[in-house]
>>> print(open('my_file.cif').read())   # mmCIF, C-alpha atoms
data_structure
loop_
_atom_site.label_atom_id
_atom_site.label_comp_id
_atom_site.auth_asym_id
_atom_site.auth_seq_id
_atom_site.Cartn_x
_atom_site.Cartn_y
_atom_site.Cartn_z
CA GLY T 1174 25.49 84.44 -50.61
CA ARG T 1175 28.31 82.26 -49.40
CA ARG T 1176 30.67 83.43 -52.07
CA LEU T 1177 29.76 87.11 -51.73
CA ALA T 1178 30.85 86.93 -48.12
CA THR T 1179 34.27 85.66 -49.13
CA VAL T 1180 34.98 87.66 -52.29
CA LEU T 1181 36.92 90.47 -50.68
CA ALA T 1182 39.24 91.65 -53.42
CA ALA T 1183 39.56 95.35 -54.08
CA ALA T 1184 39.03 94.72 -57.76
CA LEU T 1185 38.11 91.29 -59.06
CA GLY T 1186 37.13 89.12 -56.13
CA ALA T 1187 37.68 85.98 -58.10
CA THR T 1188 38.54 85.20 -61.67
CA LEU T 1189 37.57 82.27 -63.81
CA LEU T 1190 40.01 80.31 -65.90
CA GLY T 1191 38.47 78.68 -68.94
CA ALA T 1192 39.64 76.09 -71.41
CA ALA T 1193 42.05 77.35 -74.05
CA ALA T 1194 42.84 75.92 -77.45
CA PRO T 1195 46.07 73.88 -77.49
CA PRO T 1196 49.11 76.03 -78.43
CA ALA T 1197 49.70 73.99 -81.58
CA ALA T 1198 46.17 74.63 -82.78
CA GLN T 1199 46.57 78.34 -82.11
CA ALA T 1200 49.82 78.45 -84.01
CA ASP T 1201 48.31 76.59 -86.97
CA ALA T 1202 45.45 79.05 -87.06
CA GLY T 1203 47.89 81.93 -87.10
CA THR T 1204 46.01 83.75 -84.37
CA ALA T 1205 46.90 85.09 -80.95
CA PRO T 1206 45.68 83.07 -77.95
CA ARG T 1207 42.04 83.85 -77.38
CA PRO T 1208 40.84 85.40 -74.11
CA ILE T 1209 40.35 82.66 -71.54
CA MET T 1210 39.45 84.63 -68.44
CA SER T 1211 36.17 85.72 -66.92
CA GLY T 1212 35.84 87.76 -63.77
CA TRP T 1213 33.29 88.63 -61.13
CA ILE T 1214 33.16 92.30 -60.17
CA PRO T 1215 31.72 93.06 -56.71
CA TYR T 1216 29.12 95.82 -56.77
CA TRP T 1217 30.91 97.60 -53.92
CA SER T 1218 34.12 97.89 -55.97
CA THR T 1219 33.01 98.67 -59.51
CA SER T 1220 35.68 101.27 -60.30
CA ALA T 1221 38.61 99.10 -59.21
CA GLY T 1222 37.10 96.12 -61.00
CA VAL T 1223 36.74 98.05 -64.24
CA ASP T 1224 40.35 99.23 -63.99
CA ALA T 1225 41.55 95.65 -63.50
CA VAL T 1226 39.70 94.47 -66.59
CA LEU T 1227 40.84 97.41 -68.72
CA ASP T 1228 44.45 96.72 -67.74
CA ASN T 1229 44.04 93.10 -68.92
CA SER T 1230 41.29 93.34 -71.51
CA ASP T 1231 43.20 91.09 -73.92
CA LEU T 1232 42.79 88.23 -71.43
CA PHE T 1233 39.11 88.66 -70.58
CA GLY T 1234 36.31 87.28 -72.70
CA ASP T 1235 33.57 88.35 -70.32
CA VAL T 1236 32.86 89.71 -66.87
CA SER T 1237 29.98 89.30 -64.44
CA PRO T 1238 29.31 92.27 -62.18
CA PHE T 1239 27.22 91.48 -59.11
CA TRP T 1240 24.32 93.75 -59.94
CA TYR T 1241 21.11 91.84 -59.30
CA SER T 1242 19.31 89.77 -56.70
CA ALA T 1243 16.25 87.61 -57.26
CA GLN T 1244 13.64 88.58 -54.68
CA TRP T 1245 10.19 87.46 -53.59
CA SER T 1246 7.64 90.19 -52.96
CA ASN T 1247 3.82 90.27 -52.92
CA SER T 1248 3.56 86.62 -53.96
CA ALA T 1249 5.72 87.13 -57.03
CA SER T 1250 9.35 87.03 -58.09
CA ARG T 1251 11.21 90.16 -59.04
CA ILE T 1252 14.79 91.11 -59.87
CA ALA T 1253 16.24 93.86 -57.71
CA GLN T 1254 19.17 96.01 -58.81
CA GLN T 1255 21.91 96.21 -56.15
CA VAL T 1256 24.06 98.91 -57.68
CA SER T 1257 23.46 102.53 -58.60
CA SER T 1258 22.51 103.32 -62.16
CA ALA T 1259 25.54 105.61 -62.40
CA SER T 1260 27.88 102.77 -61.39
CA LYS T 1261 26.26 100.45 -63.90
CA THR T 1262 26.54 103.01 -66.69
CA TYR T 1263 30.20 103.62 -65.86
CA LEU T 1264 31.04 99.93 -66.20
CA LEU T 1265 29.11 99.47 -69.41
CA ASP T 1266 30.53 102.61 -71.07
CA SER T 1267 34.06 101.62 -70.03
CA LEU T 1268 34.03 97.95 -71.00
CA ARG T 1269 31.80 97.71 -74.04
CA PRO T 1270 34.36 99.35 -76.36
CA THR T 1271 36.85 96.61 -75.44
CA GLY T 1272 34.57 93.84 -76.69
CA VAL T 1273 34.48 92.16 -73.28
CA GLU T 1274 31.05 90.60 -72.89
CA ILE T 1275 28.81 91.50 -69.94
CA LEU T 1276 26.89 88.71 -68.17
CA PRO T 1277 25.64 90.19 -64.88
CA ALA T 1278 25.53 87.80 -61.94
CA ILE T 1279 22.16 87.28 -60.28
CA THR T 1280 22.09 85.98 -56.72
CA ASP T 1281 19.23 84.36 -54.82
CA GLY T 1282 17.72 86.67 -52.24
CA MET T 1283 14.29 85.08 -52.11
CA GLY T 1284 14.74 83.38 -48.76
CA LYS T 1285 14.83 79.79 -47.58
CA GLY T 1286 12.84 77.41 -49.77
CA ARG T 1287 11.42 80.09 -52.04
CA MET T 1288 13.66 79.67 -55.11
CA ALA T 1289 13.04 75.92 -55.04
CA ALA T 1290 9.29 76.56 -54.87
CA VAL T 1291 9.46 78.95 -57.85
CA MET T 1292 11.38 76.43 -59.95
CA LYS T 1293 8.90 73.65 -59.12
CA ASP T 1294 5.82 75.64 -60.12
CA ALA T 1295 5.42 75.88 -63.93
CA THR T 1296 3.60 79.21 -63.81
CA LEU T 1297 6.00 80.84 -61.35
CA ARG T 1298 8.99 79.39 -63.19
CA THR T 1299 7.85 80.79 -66.53
CA ALA T 1300 7.27 84.24 -65.05
CA PHE T 1301 10.75 84.20 -63.54
CA VAL T 1302 12.34 83.03 -66.80
CA ASN T 1303 10.60 85.86 -68.63
CA GLN T 1304 11.97 88.38 -66.14
CA LEU T 1305 15.52 87.13 -66.59
CA VAL T 1306 15.29 87.20 -70.37
CA ALA T 1307 13.80 90.70 -70.31
CA LEU T 1308 16.64 91.84 -68.08
CA ALA T 1309 19.23 90.66 -70.59
CA VAL T 1310 17.39 91.93 -73.67
CA ASN T 1311 16.28 95.32 -72.35
CA ASN T 1312 19.75 96.19 -71.07
CA GLY T 1313 21.67 94.84 -74.02
CA TYR T 1314 23.60 92.34 -71.90
CA ASP T 1315 25.28 89.35 -73.54
CA GLY T 1316 23.57 86.98 -71.12
CA VAL T 1317 23.28 86.27 -67.41
CA ASP T 1318 25.22 84.36 -64.77
CA LEU T 1319 23.13 82.45 -62.22
CA ASP T 1320 24.61 82.34 -58.73
CA PHE T 1321 21.75 80.62 -56.89
CA GLU T 1322 23.10 79.17 -53.66
CA GLY T 1323 20.13 79.22 -51.31
CA PHE T 1324 18.68 75.85 -52.27
CA ALA T 1325 22.09 74.26 -51.70
CA PHE T 1326 23.14 75.94 -48.47
CA ALA T 1327 20.02 77.36 -46.78
CA ASP T 1328 17.43 74.73 -47.73
CA GLY T 1329 19.56 71.75 -46.71
CA SER T 1330 20.46 68.51 -48.48
CA SER T 1331 17.23 66.79 -47.39
CA THR T 1332 15.42 68.89 -50.01
CA TRP T 1333 17.80 68.21 -52.89
CA SER T 1334 16.08 65.15 -54.32
CA THR T 1335 12.98 67.20 -55.18
CA THR T 1336 14.80 70.45 -55.98
CA ARG T 1337 17.24 68.82 -58.39
CA PRO T 1338 14.76 68.01 -61.21
CA ALA T 1339 13.11 71.41 -60.77
CA TRP T 1340 16.50 73.09 -61.14
CA VAL T 1341 17.20 71.16 -64.34
CA ALA T 1342 13.79 72.07 -65.76
CA PHE T 1343 14.40 75.73 -64.92
CA VAL T 1344 17.86 75.80 -66.54
CA LYS T 1345 16.50 74.09 -69.65
CA GLN T 1346 13.64 76.55 -70.01
CA LEU T 1347 15.79 79.61 -69.32
CA SER T 1348 18.48 78.42 -71.73
CA ALA T 1349 15.99 78.03 -74.57
CA ALA T 1350 14.48 81.44 -73.92
CA LEU T 1351 17.85 83.20 -73.72
CA HIS T 1352 19.28 81.45 -76.77
CA ALA T 1353 16.21 82.42 -78.77
CA LYS T 1354 17.22 86.03 -78.14
CA GLY T 1355 20.89 85.44 -78.87
CA LYS T 1356 21.86 85.57 -75.19
CA GLN T 1357 24.12 83.29 -73.16
CA LEU T 1358 23.61 81.39 -69.92
CA ALA T 1359 26.39 80.93 -67.37
CA VAL T 1360 25.79 78.93 -64.20
CA THR T 1361 27.97 79.17 -61.10
CA THR T 1362 27.93 76.29 -58.62
CA PRO T 1363 29.95 74.81 -55.76
CA PRO T 1364 31.82 71.54 -56.45
CA LEU T 1365 30.48 68.06 -57.19
CA TYR T 1366 32.62 64.94 -56.79
CA ASP T 1367 30.62 61.96 -58.09
CA THR T 1368 27.16 60.75 -59.10
CA ASP T 1369 26.37 58.78 -55.96
CA TYR T 1370 24.07 61.57 -54.73
CA ASP T 1371 25.06 61.13 -51.10
CA GLY T 1372 27.05 62.95 -48.45
CA SER T 1373 30.35 62.45 -50.28
CA SER T 1374 29.09 63.73 -53.63
CA GLY T 1375 29.33 67.45 -53.01
CA TYR T 1376 26.44 69.70 -54.03
CA TRP T 1377 24.71 67.19 -56.30
CA VAL T 1378 21.51 69.23 -56.38
CA TYR T 1379 23.10 71.16 -59.27
CA ASP T 1380 23.31 68.01 -61.46
CA TRP T 1381 26.07 69.02 -63.86
CA LYS T 1382 25.41 66.29 -66.39
CA ALA T 1383 21.73 67.11 -66.73
CA ILE T 1384 22.28 70.84 -67.25
CA ALA T 1385 25.33 70.41 -69.51
CA PRO T 1386 23.39 70.59 -72.80
CA TYR T 1387 21.80 73.89 -71.82
CA VAL T 1388 24.54 76.03 -70.26
CA ASP T 1389 27.16 77.98 -72.19
CA ARG T 1390 29.50 78.11 -69.19
CA LEU T 1391 29.73 76.09 -66.02
CA ARG T 1392 31.63 78.15 -63.46
CA ILE T 1393 32.88 76.07 -60.56
CA MET T 1394 33.69 77.53 -57.14
CA THR T 1395 37.09 75.90 -56.83
CA TYR T 1396 38.04 78.08 -53.91
CA ASP T 1397 37.15 78.26 -50.24
CA TYR T 1398 37.93 74.63 -49.54
CA SER T 1399 38.29 75.98 -46.02
CA VAL T 1400 36.84 79.21 -44.67
CA SER T 1401 38.33 78.96 -41.19
CA GLY T 1402 42.02 79.37 -41.85
CA GLY T 1403 42.92 76.30 -43.87
CA ASN T 1404 43.83 76.05 -47.54
CA ILE T 1405 41.58 78.07 -49.83
CA ALA T 1406 42.11 75.84 -52.87
CA PRO T 1407 44.62 72.97 -52.47
CA PHE T 1408 45.79 71.62 -55.80
CA TRP T 1409 44.64 68.06 -55.10
CA TRP T 1410 41.11 69.31 -54.44
CA VAL T 1411 40.91 71.46 -57.56
CA GLU T 1412 42.22 68.55 -59.63
CA LYS T 1413 39.65 66.20 -58.09
CA VAL T 1414 36.80 68.57 -58.92
CA LEU T 1415 38.01 69.11 -62.48
CA ALA T 1416 38.56 65.39 -63.09
CA PHE T 1417 34.92 64.73 -62.32
CA ALA T 1418 33.61 67.83 -64.07
CA VAL T 1419 35.00 66.84 -67.47
CA THR T 1420 33.11 63.55 -67.26
CA GLN T 1421 29.85 65.46 -66.87
CA VAL T 1422 30.23 68.60 -68.97
CA PRO T 1423 32.21 69.31 -72.17
CA ALA T 1424 35.60 70.72 -71.18
CA SER T 1425 35.06 73.72 -73.46
CA LYS T 1426 32.22 74.88 -71.20
CA ILE T 1427 34.04 74.53 -67.88
CA GLN T 1428 35.60 77.44 -66.01
CA LEU T 1429 37.47 77.10 -62.72
CA GLY T 1430 37.11 79.82 -60.11
CA VAL T 1431 40.46 81.15 -58.89
CA ALA T 1432 40.57 83.25 -55.73
CA ALA T 1433 42.16 86.69 -55.88
CA TYR T 1434 42.33 86.81 -52.10
CA GLY T 1435 43.89 84.93 -49.23
CA ARG T 1436 43.61 84.39 -45.49
CA ASN T 1437 46.09 84.50 -42.65
CA ALA T 1438 45.06 82.39 -39.67
CA VAL T 1439 46.98 82.52 -36.42
CA LYS T 1440 47.19 78.96 -35.08
CA SER T 1441 49.26 79.76 -32.03
CA ILE T 1442 51.35 82.56 -30.55
CA SER T 1443 54.79 82.09 -29.09
CA GLY T 1444 56.44 85.00 -27.33
CA THR T 1445 55.24 88.60 -27.55
CA CYS T 1446 53.25 89.92 -30.50
CA PRO T 1447 54.54 93.01 -32.33
CA THR T 1448 53.01 96.23 -31.09
CA ASN T 1449 51.66 97.15 -34.53
CA VAL T 1450 49.33 94.19 -34.96
CA PRO T 1451 45.59 94.93 -35.25
CA SER T 1452 43.27 94.09 -32.38
CA ASN T 1453 41.72 91.23 -34.33
CA TYR T 1454 45.06 89.62 -35.20
CA ARG T 1455 44.08 86.38 -33.48
CA ASN T 1456 41.14 86.07 -35.90
CA VAL T 1457 41.34 84.94 -39.51
CA LEU T 1458 42.47 87.95 -41.56
CA SER T 1459 41.43 88.17 -45.18
CA PHE T 1460 43.50 90.05 -47.71
CA THR T 1461 43.56 90.62 -51.45
CA ALA T 1462 46.27 90.24 -54.03
CA ALA T 1463 46.56 94.01 -54.03
CA ASN T 1464 47.30 94.39 -50.31
CA ALA T 1465 48.87 91.02 -49.46
CA LEU T 1466 52.27 92.52 -48.65
CA THR T 1467 50.84 95.02 -46.17
CA ALA T 1468 47.94 93.07 -44.68
CA ILE T 1469 50.05 90.92 -42.38
CA PRO T 1470 52.13 92.88 -39.84
CA SER T 1471 55.77 91.97 -39.60
CA ALA T 1472 57.62 91.49 -36.33
#
>>> encode(input="my_file.cif", output="structure tokens")
Amino acid sequence: GRRLATVLAAALGATLLGAAAPPAAQADAGTAPRPIMSGWIPYWSTSAGVDAVLDNSDLFGDVSPFWYSAQWSNSASRIAQQVSSASKTYLLDSLRPTGVEILPAITDGMGKGRMAAVMKDATLRTAFVNQLVALAVNNGYDGVDLDFEGFAFADGSSTWSTTRPAWVAFVKQLSAALHAKGKQLAVTTPPLYDTDYDGSSGYWVYDWKAIAPYVDRLRIMTYDYSVSGGNIAPFWWVEKVLAFAVTQVPASKIQLGVAAYGRNAVKSISGTCPTNVPSNYRNVLSFTAANALTAIPSA
């Protein structure tokens, strides 16, 4: 997925900042501030991700490890596990005692047009919903996080007008089925900007307002404003996204994605480069919060 390609952190590739109760309300209640962070844990960095959460478990309410991919095989949907069983067990055994909830992220690996087709077909949609619910129930997860990006990026905006109602119907059906089992539904999407449903509206196929009654968390990708060396998340852009989001979805359900990585882009070179620079120095170099001080060679 688009985000998987850019989440490069050694531990948590990106975190999610949720809405917190006002300080006055917390003081009146006589309680400590509640956890307001979620985090995605890349499947290729489970150990470091677990360590990061354990070191800050008082701040995290839940985490979403990238463990599963929705696939299409033999004319049917299936959910493929992307991580070893040992890695999965390690995370669960380490984090469950802390009370941090586990909502594994599920990406769309079905291929161009296939997820949209599944959501549009009542029989295929129901079968897929049942698979997702069984995944959560059989593994004792607290819910699931949907990270379906194919119908936004691969299918193209010309398909959105027909995919949009199918997406809403799918989210509604999945939400009801999960909630009936005491499970939660988080949905991760790129930004929307308005309800004009045109080229300036962002990824309106996700229809925040229509899915708002059914999701427990809306996780917004407020990062990667630029992937070619520009700002990752300029403040004005994040504020613009949030200002619209709260008109569509209750603020208590909204979480903003915050990058735990950065990029160094060489725009021009004057003089002679240091001898210790890597061969790809002229390219955009990605780095994490953990190695930011050593990722960029000094003169």
>>> resolve_selection(input="my_file.cif", expression="the PyMOL selection byres ((chain T and resi 1287) around 12)", output="list in words")
Ala1243, Gln1244, Trp1245, Ser1246, Ser1248, Ala1249, Ser1250, Asp1281, Gly1282, Met1283, Gly1284, Lys1285, Gly1286, Met1288, Ala1289, Ala1290, Val1291, Met1292, Lys1293, Asp1294, Leu1297, Arg1298, Phe1321, Glu1322, Gly1323, Phe1324, Ala1327, Asp1328 and Thr1336 of chain T
>>> closest_residue(input="my_file.cif", among="T:Phe1417, T:Phe1239, T:Tyr1379, T:Tyr1396", to="T:Ala1433", atoms="all atoms listed in the file")
T:Tyr1396
>>> atom_distance(input="my_file.cif", atom1="atom CA of T:Leu1347", atom2="atom CA of T:Asn1303")
8.2 Å
>>> closest_residue(input="my_file.cif", among="T:Val1344, T:Tyr1366, T:Asn1437, T:Asp1318", to="T:Glu1412", atoms="all atoms listed in the file")
T:Tyr1366
>>> resolve_selection(input="my_file.cif", expression="the PyMOL selection byres ((chain T and resi 1252) around 9)", output="PyMOL selection string")
chain T and resi 1241-1245+1250-1251+1253-1254+1279+1301+1304-1305+1308
>>> write_last_selection(input="my_file.cif", atoms="C-alpha atoms", output="PDB file, in the coordinates of the input")
ATOM      1  CA  TYR T1241      21.110  91.840 -59.300  1.00  0.00           C
ATOM      2  CA  SER T1242      19.310  89.770 -56.700  1.00  0.00           C
ATOM      3  CA  ALA T1243      16.250  87.610 -57.260  1.00  0.00           C
ATOM      4  CA  GLN T1244      13.640  88.580 -54.680  1.00  0.00           C
ATOM      5  CA  TRP T1245      10.190  87.460 -53.590  1.00  0.00           C
ATOM      6  CA  SER T1250       9.350  87.030 -58.090  1.00  0.00           C
ATOM      7  CA  ARG T1251      11.210  90.160 -59.040  1.00  0.00           C
ATOM      8  CA  ALA T1253      16.240  93.860 -57.710  1.00  0.00           C
ATOM      9  CA  GLN T1254      19.170  96.010 -58.810  1.00  0.00           C
ATOM     10  CA  ILE T1279      22.160  87.280 -60.280  1.00  0.00           C
ATOM     11  CA  PHE T1301      10.750  84.200 -63.540  1.00  0.00           C
ATOM     12  CA  GLN T1304      11.970  88.380 -66.140  1.00  0.00           C
ATOM     13  CA  LEU T1305      15.520  87.130 -66.590  1.00  0.00           C
ATOM     14  CA  LEU T1308      16.640  91.840 -68.080  1.00  0.00           C
TER      15      LEU T1308
END
>>> closest_residue(input="my_file.cif", among="T:Ala1359, T:Val1411, T:Ala1438, T:Ala1295", to="T:Arg1392", atoms="only C-alpha atoms")
T:Ala1359
>>> resolve_selection(input="my_file.cif", expression="the PyMOL selection byres ((chain T and resi 1226) around 12)", output="MDAnalysis selection string")
chainID T and resid 1184:1185 1188 1208 1210:1214 1219:1225 1227:1238 1264 1267:1269 1271:1275
>>> closest_residue(input="my_file.cif", among="T:Asp1320, T:Lys1426, T:Arg1337, T:Ser1331", to="T:Met1394", atoms="all atoms listed in the file")
T:Asp1320
>>> closest_residue(input="my_file.cif", among="T:Trp1409, T:Phe1326, T:Phe1343, T:Tyr1398", to="T:Tyr1376", atoms="all atoms listed in the file")
T:Phe1326
>>> residues_around(input="my_file.cif", residues="T:Ala1465", least_positions_apart="6", cutoff="10 Å", atoms="only C-alpha atoms", output="list in words")
Tyr1434, Gly1435, Arg1436, Asn1437 and Ser1459 of chain T
>>> atom_distance(input="my_file.cif", atom1="atom CA of T:Val1341", atom2="atom CA of T:Ala1383")
6.5 Å
>>> atom_distance(input="my_file.cif", atom1="atom CA of T:Thr1368", atom2="atom CA of T:Pro1338")
14.5 Å
>>> residues_around(input="my_file.cif", residues="T:Gly1316", least_positions_apart="5", cutoff="8 Å", atoms="all atoms listed in the file", output="list in words")
Ile1275, Leu1276, Pro1277, Ala1309, Leu1351, Lys1356, Gln1357, Leu1358 and Ala1359 of chain T
>>> closest_residue(input="my_file.cif", among="T:Asn1404, T:Thr1335, T:Ser1399, T:Thr1280", to="T:Thr1361", atoms="all atoms listed in the file")
T:Thr1280
